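*Asks:* Compact mmCIF, C-alpha atoms, saved as input21.txt, coming up:
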```txt
# COMPACT_ATOMS: atom_id res chain seq x y z
CA MET A 305 31.07 23.39 7.20
CA LYS A 306 27.46 22.42 6.50
CA ARG A 307 26.16 25.49 8.35
CA THR A 308 28.50 27.71 6.37
CA LEU A 309 27.32 26.17 3.09
CA THR A 310 23.68 26.51 4.08
CA GLY A 311 24.20 30.18 5.01
CA LEU A 312 25.91 30.84 1.71
CA LEU A 313 23.10 29.20 -0.23
CA CYS A 314 20.46 31.23 1.65
CA ALA A 315 22.39 34.42 0.86
CA LEU A 316 22.59 33.49 -2.82
CA LEU A 317 18.89 32.67 -2.75
CA THR A 318 18.03 36.09 -1.30
CA GLY A 319 19.99 37.75 -4.08
CA LEU A 320 18.26 35.64 -6.66
CA LEU A 321 14.87 36.88 -5.51
CA THR A 322 15.60 40.41 -6.67
CA THR A 323 15.73 39.16 -10.25
CA LEU A 324 12.56 37.06 -9.94
CA LEU A 325 10.15 39.39 -8.17
CA PRO A 326 8.45 42.48 -9.56
CA VAL A 327 9.20 45.71 -7.72
CA SER A 328 5.54 46.47 -7.13
CA GLY A 329 4.89 43.23 -5.22
CA HIS A 330 1.44 41.82 -4.47
CA ALA A 331 -0.22 44.14 -1.97
CA GLN A 332 -3.57 42.37 -1.77
CA GLN A 333 -2.15 38.85 -1.50
CA GLY A 334 0.84 39.64 0.63
CA PRO A 335 4.40 38.80 -0.36
CA PRO A 336 5.11 35.61 -2.32
CA PHE A 337 6.32 32.64 -0.34
CA SER A 338 9.79 32.96 -1.81
CA GLU A 339 10.38 36.05 0.37
CA GLN A 340 9.91 34.14 3.63
CA ALA A 341 13.13 33.13 5.38
CA GLU A 342 11.57 29.79 6.37
CA VAL A 343 10.72 29.04 2.76
CA GLN A 344 14.20 30.00 1.62
CA ALA A 345 15.66 27.59 4.18
CA PHE A 346 13.22 24.90 3.00
CA ILE A 347 14.36 25.41 -0.61
CA VAL A 348 17.98 25.01 0.44
CA THR A 349 17.09 21.82 2.31
CA MET A 350 15.32 20.43 -0.77
CA HIS A 351 18.46 21.20 -2.76
CA GLU A 352 20.80 19.60 -0.25
CA GLN A 353 18.70 16.51 0.46
CA HIS A 354 17.04 15.86 -2.90
CA GLY A 355 19.02 17.78 -5.50
CA PHE A 356 16.33 20.30 -6.45
CA ASP A 357 17.52 23.29 -8.45
CA ILE A 358 17.41 26.35 -6.20
CA SER A 359 16.59 28.82 -8.95
CA HIS A 360 13.77 26.73 -10.38
CA LEU A 361 12.21 25.97 -6.99
CA THR A 362 12.49 29.61 -5.95
CA SER A 363 10.61 30.68 -9.08
CA GLN A 364 7.79 28.28 -8.20
CA PHE A 365 7.49 29.64 -4.66
CA ALA A 366 7.62 33.17 -6.10
CA ALA A 367 4.40 32.37 -7.97
CA ILE A 368 2.33 31.49 -4.87
CA HIS A 369 1.12 33.32 -1.77
CA SER A 370 -0.40 32.48 1.58
CA ASN A 371 -3.98 31.42 0.91
CA ALA A 372 -6.40 32.89 3.47
CA THR A 373 -9.20 30.54 2.40
CA VAL A 374 -7.04 27.49 3.06
CA LEU A 375 -6.12 28.78 6.50
CA ARG A 376 -9.76 29.51 7.30
CA LEU A 377 -11.00 26.10 6.19
CA ILE A 378 -8.36 24.15 8.13
CA ARG A 379 -9.30 25.74 11.46
CA PRO A 380 -11.98 24.17 13.68
CA PRO A 381 -15.33 25.98 13.43
CA ALA A 382 -15.84 28.80 15.91
CA SER A 383 -19.59 29.15 15.43
CA PRO A 384 -21.82 26.93 17.65
CA SER A 385 -24.05 26.29 14.61
CA LYS A 386 -21.13 24.54 12.94
CA GLN A 387 -20.19 22.33 15.86
CA ARG A 388 -20.30 18.53 15.66
CA SER A 389 -23.58 17.06 14.48
CA TRP A 390 -23.66 13.46 13.35
CA GLN A 391 -27.01 13.75 11.58
CA ARG A 392 -25.93 16.84 9.67
CA TYR A 393 -22.61 15.24 8.74
CA ARG A 394 -24.23 11.95 7.70
CA ALA A 395 -26.75 13.65 5.44
CA ARG A 396 -23.90 15.08 3.35
CA PHE A 397 -22.62 11.65 2.39
CA VAL A 398 -25.30 9.02 2.93
CA ASN A 399 -28.00 10.26 0.59
CA GLY A 400 -29.85 9.34 -2.57
CA ARG A 401 -27.48 11.17 -4.88
CA ARG A 402 -24.36 9.37 -3.68
CA GLU A 403 -26.18 6.06 -3.47
CA ALA A 404 -27.31 6.29 -7.11
CA ALA A 405 -23.87 7.45 -8.26
CA GLY A 406 -22.30 4.62 -6.27
CA GLN A 407 -24.45 2.03 -8.02
CA ARG A 408 -23.41 3.40 -11.42
CA PHE A 409 -19.75 3.43 -10.37
CA TRP A 410 -19.99 -0.17 -9.19
CA ASP A 411 -21.72 -1.26 -12.41
CA GLU A 412 -19.07 0.45 -14.57
CA ASN A 413 -16.10 -0.87 -12.58
CA GLY A 414 -17.31 -4.22 -11.30
CA ALA A 415 -14.39 -6.24 -12.64
CA LEU A 416 -11.81 -3.83 -11.19
CA LEU A 417 -13.53 -3.83 -7.80
CA GLN A 418 -13.72 -7.62 -7.80
CA ARG A 419 -10.00 -7.85 -8.61
CA ALA A 420 -9.08 -5.34 -5.90
CA GLU A 421 -11.14 -7.25 -3.35
CA ALA A 422 -9.49 -10.53 -4.34
CA ILE A 423 -5.97 -9.08 -4.06
CA TYR A 424 -6.31 -6.89 -0.97
CA GLY A 425 -9.28 -8.39 0.91
CA VAL A 426 -11.20 -5.11 1.12
CA PRO A 427 -14.90 -5.40 0.17
CA ALA A 428 -15.96 -3.65 -3.02
CA GLU A 429 -18.63 -1.66 -1.19
CA ILE A 430 -16.04 -0.13 1.15
CA ILE A 431 -13.88 0.95 -1.78
CA VAL A 432 -16.90 2.42 -3.59
CA ALA A 433 -18.08 4.20 -0.44
CA ILE A 434 -14.71 5.82 0.25
CA ILE A 435 -14.44 7.16 -3.30
CA GLY A 436 -18.05 8.35 -3.03
CA VAL A 437 -17.47 10.18 0.23
CA GLU A 438 -14.15 11.63 -0.90
CA THR A 439 -14.97 13.03 -4.34
CA GLU A 440 -18.41 11.74 -5.35
CA TYR A 441 -16.73 9.38 -7.80
CA GLY A 442 -14.24 11.86 -9.17
CA GLN A 443 -16.68 14.75 -9.63
CA ASN A 444 -15.20 16.96 -6.88
CA THR A 445 -11.46 16.55 -6.66
CA GLY A 446 -10.71 20.12 -5.47
CA ASN A 447 -9.81 23.40 -7.12
CA PHE A 448 -7.01 24.62 -4.87
CA GLY A 449 -3.45 24.76 -6.15
CA VAL A 450 -1.82 22.01 -4.13
CA LEU A 451 1.57 23.72 -3.95
CA GLU A 452 0.00 26.91 -2.58
CA ALA A 453 -2.30 25.04 -0.19
CA LEU A 454 0.49 22.94 1.29
CA ALA A 455 2.84 25.92 1.54
CA SER A 456 0.15 27.93 3.34
CA LEU A 457 -0.29 25.15 5.88
CA ALA A 458 3.41 24.37 6.16
CA PHE A 459 4.54 27.94 6.82
CA ASP A 460 1.48 29.85 8.07
CA TYR A 461 -0.40 27.31 10.19
CA PRO A 462 1.75 26.56 13.26
CA PRO A 463 -0.50 23.89 14.85
CA ARG A 464 0.30 21.40 12.06
CA ALA A 465 3.24 23.01 10.33
CA GLU A 466 5.54 20.02 10.77
CA PHE A 467 3.06 17.60 9.22
CA PHE A 468 2.31 19.81 6.23
CA ARG A 469 5.96 20.63 5.67
CA GLY A 470 6.55 16.92 5.32
CA GLU A 471 3.65 16.68 2.87
CA LEU A 472 5.05 19.63 0.90
CA GLU A 473 8.37 17.81 0.60
CA GLN A 474 6.60 14.64 -0.54
CA PHE A 475 4.49 16.60 -3.04
CA LEU A 476 7.52 18.14 -4.71
CA LEU A 477 9.19 14.74 -4.93
CA LEU A 478 6.00 13.22 -6.34
CA ALA A 479 5.64 15.95 -8.99
CA ARG A 480 9.27 15.50 -10.03
CA GLU A 481 8.94 11.72 -10.22
CA ASN A 482 5.94 12.07 -12.52
CA GLY A 483 7.34 14.91 -14.63
CA VAL A 484 4.50 17.25 -13.67
CA ASP A 485 4.70 20.97 -12.93
CA PRO A 486 3.77 21.38 -9.23
CA LEU A 487 1.93 24.61 -10.05
CA SER A 488 -0.44 22.74 -12.38
CA ILE A 489 -1.81 20.28 -9.82
CA GLN A 490 -5.11 20.99 -8.07
CA GLY A 491 -6.66 19.31 -5.08
CA SER A 492 -8.33 19.95 -1.74
CA TYR A 493 -7.53 22.82 0.61
CA ALA A 494 -5.51 20.33 2.67
CA GLY A 495 -3.46 19.15 -0.31
CA ALA A 496 -5.27 15.86 -1.00
CA MET A 497 -5.35 14.88 -4.67
CA GLY A 498 -7.16 12.85 -7.26
CA ILE A 499 -10.18 10.56 -7.32
CA PRO A 500 -9.39 9.04 -3.88
CA GLN A 501 -7.94 12.24 -2.37
CA PHE A 502 -4.57 10.86 -1.31
CA MET A 503 -2.12 13.09 0.48
CA PRO A 504 1.29 13.20 -1.26
CA SER A 505 3.00 10.89 1.24
CA SER A 506 0.19 8.34 0.92
CA GLN A 507 0.37 8.43 -2.86
CA ARG A 508 4.11 7.80 -2.86
CA ARG A 509 3.80 5.05 -0.26
CA TYR A 510 0.58 3.20 -1.09
CA ALA A 511 -0.68 4.06 -4.58
CA VAL A 512 -0.50 1.32 -7.22
CA ASP A 513 -0.56 1.07 -10.99
CA PHE A 514 -3.76 -0.99 -11.21
CA ASP A 515 -4.43 -0.51 -14.91
CA GLY A 516 -1.00 -1.72 -15.99
CA ASP A 517 0.10 1.33 -17.97
CA ASN A 518 3.39 1.63 -16.02
CA ARG A 519 2.40 4.82 -14.21
CA VAL A 520 0.31 5.72 -11.18
CA ASP A 521 -2.34 8.30 -12.04
CA LEU A 522 -4.87 8.96 -9.30
CA ARG A 523 -6.23 12.02 -11.08
CA ASN A 524 -7.37 10.30 -14.28
CA SER A 525 -7.28 6.52 -13.77
CA THR A 526 -10.28 5.04 -11.99
CA ALA A 527 -8.48 1.70 -11.94
CA ASP A 528 -5.46 3.16 -10.13
CA ALA A 529 -7.80 4.88 -7.65
CA ILE A 530 -9.66 1.64 -6.88
CA GLY A 531 -6.50 -0.41 -6.44
CA SER A 532 -4.82 2.28 -4.36
CA VAL A 533 -7.73 2.67 -1.93
CA ALA A 534 -7.82 -1.09 -1.41
CA ARG A 535 -4.07 -1.33 -0.90
CA TYR A 536 -4.07 1.63 1.51
CA LEU A 537 -6.63 -0.05 3.76
CA GLN A 538 -4.90 -3.42 3.48
CA GLN A 539 -1.56 -1.90 4.48
CA TYR A 540 -3.18 -0.34 7.53
CA GLY A 541 -4.42 -3.72 8.69
CA TRP A 542 -7.79 -4.43 7.10
CA GLN A 543 -9.04 -7.85 8.26
CA LYS A 544 -10.79 -9.73 5.48
CA GLY A 545 -14.26 -10.90 6.48
CA ALA A 546 -14.16 -9.20 9.88
CA PRO A 547 -16.94 -6.83 11.00
CA VAL A 548 -16.66 -3.05 10.95
CA ALA A 549 -19.15 -1.79 13.55
CA VAL A 550 -22.41 -2.67 15.30
CA PRO A 551 -24.93 -0.52 17.22
CA ALA A 552 -24.52 -0.44 20.98
CA ARG A 553 -26.52 0.52 24.06
CA VAL A 554 -24.86 2.03 27.11
CA ASN A 555 -25.88 1.80 30.75
CA GLY A 556 -24.21 4.32 33.02
CA ASP A 557 -21.72 7.05 32.22
CA PRO A 558 -19.59 6.19 29.14
CA ALA A 559 -17.25 9.19 29.51
CA ALA A 560 -14.19 7.13 30.42
CA LEU A 561 -14.72 4.72 27.53
CA ILE A 562 -15.19 7.58 25.07
CA ALA A 563 -12.08 9.32 26.39
CA ALA A 564 -10.09 6.13 25.73
CA GLY A 565 -10.34 6.87 22.01
CA ILE A 566 -11.39 5.00 18.87
CA LYS A 567 -8.59 2.44 18.77
CA PRO A 568 -9.98 -0.95 19.85
CA VAL A 569 -8.37 -2.03 23.10
CA LEU A 570 -10.99 -3.64 25.31
CA THR A 571 -12.79 -6.82 24.28
CA VAL A 572 -16.52 -7.04 23.67
CA LYS A 573 -16.75 -9.05 26.90
CA GLU A 574 -14.89 -6.38 28.87
CA LEU A 575 -17.10 -3.65 27.43
CA LEU A 576 -20.18 -5.64 28.39
CA ALA A 577 -18.90 -5.74 31.97
CA ARG A 578 -18.74 -1.93 31.81
CA GLY A 579 -22.34 -1.60 30.69
CA VAL A 580 -21.98 -1.63 26.90
CA PHE A 581 -24.48 -3.95 25.22
CA SER A 582 -24.38 -4.84 21.53
CA ALA A 583 -25.17 -7.49 18.96
CA ALA A 584 -21.49 -8.42 18.74
CA ASP A 585 -21.92 -11.90 20.13
CA ASP A 586 -19.93 -13.88 17.55
CA ASP A 587 -16.62 -13.36 19.34
CA PRO A 588 -16.64 -11.94 22.89
CA GLN A 589 -12.85 -11.65 22.74
CA ARG A 590 -12.90 -9.36 19.69
CA ALA A 591 -11.36 -5.96 20.42
CA ALA A 592 -13.64 -2.95 20.11
CA ALA A 593 -13.97 0.71 21.01
CA LEU A 594 -17.06 2.63 22.04
CA ILE A 595 -17.97 5.19 19.38
CA ASP A 596 -20.22 8.15 20.21
CA LEU A 597 -22.08 9.97 17.44
CA GLU A 598 -23.44 13.19 18.87
CA THR A 599 -26.18 15.38 17.43
CA PRO A 600 -27.21 18.52 19.35
CA GLY A 601 -30.71 18.16 20.76
CA GLN A 602 -30.86 14.42 20.09
CA ALA A 603 -29.86 11.29 21.91
CA THR A 604 -26.27 10.23 21.19
CA GLU A 605 -25.87 7.16 19.00
CA TYR A 606 -23.44 4.57 20.32
CA TRP A 607 -21.65 1.93 18.28
CA LEU A 608 -18.91 -0.59 18.81
CA GLY A 609 -16.11 0.04 16.32
CA PHE A 610 -13.84 -2.91 15.58
CA ASP A 611 -10.37 -3.00 14.03
CA ASN A 612 -11.73 -2.46 10.51
CA PHE A 613 -13.55 0.67 11.68
CA TYR A 614 -10.27 1.95 13.06
CA VAL A 615 -8.56 1.19 9.74
CA ILE A 616 -11.07 3.44 7.94
CA THR A 617 -10.17 6.24 10.35
CA ARG A 618 -6.57 6.02 9.09
CA TYR A 619 -7.94 7.46 5.85
CA ASN A 620 -9.59 10.32 7.74
CA ARG A 621 -9.19 10.41 11.50
CA SER A 622 -12.83 11.04 12.30
CA SER A 623 -15.42 8.64 13.68
CA PHE A 624 -18.06 10.59 11.73
CA TYR A 625 -16.13 9.97 8.52
CA ALA A 626 -15.61 6.26 9.17
CA MET A 627 -19.26 5.73 10.09
CA SER A 628 -20.42 7.58 6.98
CA VAL A 629 -18.22 5.34 4.83
CA PHE A 630 -19.51 2.24 6.60
CA GLN A 631 -23.17 3.19 6.38
CA LEU A 632 -22.93 4.25 2.74
CA ALA A 633 -21.17 0.95 1.99
CA GLU A 634 -23.93 -1.00 3.71
CA VAL A 635 -26.62 0.76 1.68
CA LEU A 636 -24.72 0.26 -1.57
CA ARG A 637 -24.22 -3.45 -0.90
CA GLU A 638 -27.85 -4.03 0.08
CA VAL A 639 -29.26 -2.17 -2.93
CA ARG A 640 -26.90 -3.96 -5.31
CA ASN A 641 -27.70 -7.39 -3.89
CA ASN A 642 -31.43 -6.68 -4.18
CA ARG A 643 -31.00 -5.53 -7.77
CA LEU A 644 -29.03 -8.62 -8.72
CA ALA A 645 -31.51 -10.91 -6.97
CA ALA A 646 -34.41 -9.30 -8.86
CA THR A 647 -32.78 -10.11 -12.21
CA ARG A 648 -32.32 -13.78 -11.50
```
Since I need it in another form, could you write the structure as structure tokens?
*Replies:*
Amino acid sequence: MKRTLTGLLCALLTGLLTTLLPVSGHAQQGPPFSEQAEVQAFIVTMHEQHGFDISHLTSQFAAIHSNATVLRLIRPPASPSKQRSWQRYRARFVNGRREAAGQRFWDENGALLQRAEAIYGVPAEIIVAIIGVETEYGQNTGNFGVLEALASLAFDYPPRAEFFRGELEQFLLLARENGVDPLSIQGSYAGAMGIPQFMPSSQRRYAVDFDGDNRVDLRNSTADAIGSVARYLQQYGWQKGAPVAVPARVNGDPAALIAAGIKPVLTVKELLARGVFSAADDDPQRAAALIDLETPGQATEYWLGFDNFYVITRYNRSSFYAMSVFQLAEVLREVRNNRLAATR
């Protein structure tokens, strides 16, 4: 019976398209998403599972097309000049501009950061660094239509279609919950939104109303962004007062340890037995992972990443990203402490 109903709804949806779409079409952009059979089936599913109006949702998908720029940006770089380089990556985020902006952000939001740290246990400098790396303190939140970006990735990017289809579903639910037109929301090419660049599922699951106005607004409320970043990390297991990472030196071939991944499994003592030396001597039983930061033509940097380093990678699953956040946070904390000490 359900299959029969679904088939009937898809047929009705196909007929509806003839009244919504211009005869001439969109030759340069390709057909609108509403013409794709997969999208039509998705619309029916949203109707059946969440009560969305088929006609209204179809009209929204009729207004968007597969975005070639989104599909280009999501793919790994093909050019050797764009391959992994830690020093090039680091320079984008740990620099004078972001450091100065981070100090201003901290000065302007000190009470909020202190409250978030007290509630969630995440240091203020980590919160400030993540927002700095993500959007330079709300200055660069993205100019892609989120509905179009997520649809492009959900229906025209097979390697991660399942993930992005889930995010598309969560985005439509989020927009409905907040009474916002999905076509009006802008974000990154991957569909991340607002000051902290949360994906839709993360916003629905972890975001908090930190300014007490009875709504969560990550696009316009710095307070909500600060509280939400702290809660996100806390929910993923941030350990208050625990270290993030320390430099390491490696004797021998570290290939097997690198291949084991960035999730801490071995203890500092076990890594030492495998030729990994570090300053992590406070707790030899602390779990750690060996992190390699490669730069073409230069010696690879090695670090031990602890559980808190791994938690940062839940925000962006890249050791380069997590290390940039950590190093920016360290600079911000040191500069702020020196400034405060000079005024005493």
*Asks:* So how far away is atom CA of A:Leu451 from atom CA of A:Pro486, in Å?
*Replies:* 6.2 Å
*Asks:* Between atom CA of A:Asp586 and atom CA of A:Gly609, what is the distance, to one decimal in Å?
*Replies:*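 A separation of 14.5 Å between them.
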*Asks:* Each residue of stretch 448-479 of chain A with at least one atom at most 12 Å from stretch 506-522 of chain A should appear once, together with its nearest atom pair and the corresponding distance in Å (one decimal); atoms considered: only C-alpha atoms; ordering: chain, then increasing residue number; output as JSON lines.
*Replies:*
```
{"residue": "A:Gly470", "atom": "CA", "partner": "A:Ser506", "partner_atom": "CA", "distance": 11.6}
{"residue": "A:Glu471", "atom": "CA", "partner": "A:Ser506", "partner_atom": "CA", "distance": 9.2}
{"residue": "A:Glu473", "atom": "CA", "partner": "A:Arg508", "partner_atom": "CA", "distance": 11.4}
{"residue": "A:Gln474", "atom": "CA", "partner": "A:Arg508", "partner_atom": "CA", "distance": 7.6}
{"residue": "A:Phe475", "atom": "CA", "partner": "A:Arg508", "partner_atom": "CA", "distance": 8.8}
{"residue": "A:Leu476", "atom": "CA", "partner": "A:Arg508", "partner_atom": "CA", "distance": 11.0}
{"residue": "A:Leu477", "atom": "CA", "partner": "A:Arg508", "partner_atom": "CA", "distance": 8.8}
{"residue": "A:Leu478", "atom": "CA", "partner": "A:Arg508", "partner_atom": "CA", "distance": 6.7}
{"residue": "A:Ala479", "atom": "CA", "partner": "A:Arg508", "partner_atom": "CA", "distance": 10.3}
```
*Asks:* Using all atoms listed in the file, pick whichever of A:Tyr625, A:Phe630, A:Tyr493, A:Phe613 has the shortest atom-to-atom distance to A:Trp390.
*Replies:* A:Tyr625
*Asks:* Taking (3.0, 32.9, 1.3) in the file's coordinates, which residues come within 8 Å, counting only C-alpha atoms, written as a list in words?
*Replies:*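 The answer, in the requested form, is Gly334, Pro335, Pro336, Phe337, Ser338, Gln340, Ile368, His369, Ser370, Asn371, Glu452, Ala455, Ser456, Phe459 and Asp460 of chain A.
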*Asks:* Would you mind reading off the distance between atom CA of A:Ile595 and atom CA of A:Gly565, one decimal, in Å?
*Replies:*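 Distance between the two atoms: 8.2 Å.
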*Asks:* Looking at all atoms listed in the file, which of A:Leu608, A:Ala560, A:Ala341, A:Val432 is the one that sits closest to A:Ala405?
*Replies:*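 Of A:Leu608, A:Ala560, A:Ala341, A:Val432, the one nearest A:Ala405 is A:Val432, counting all atoms listed in the file.
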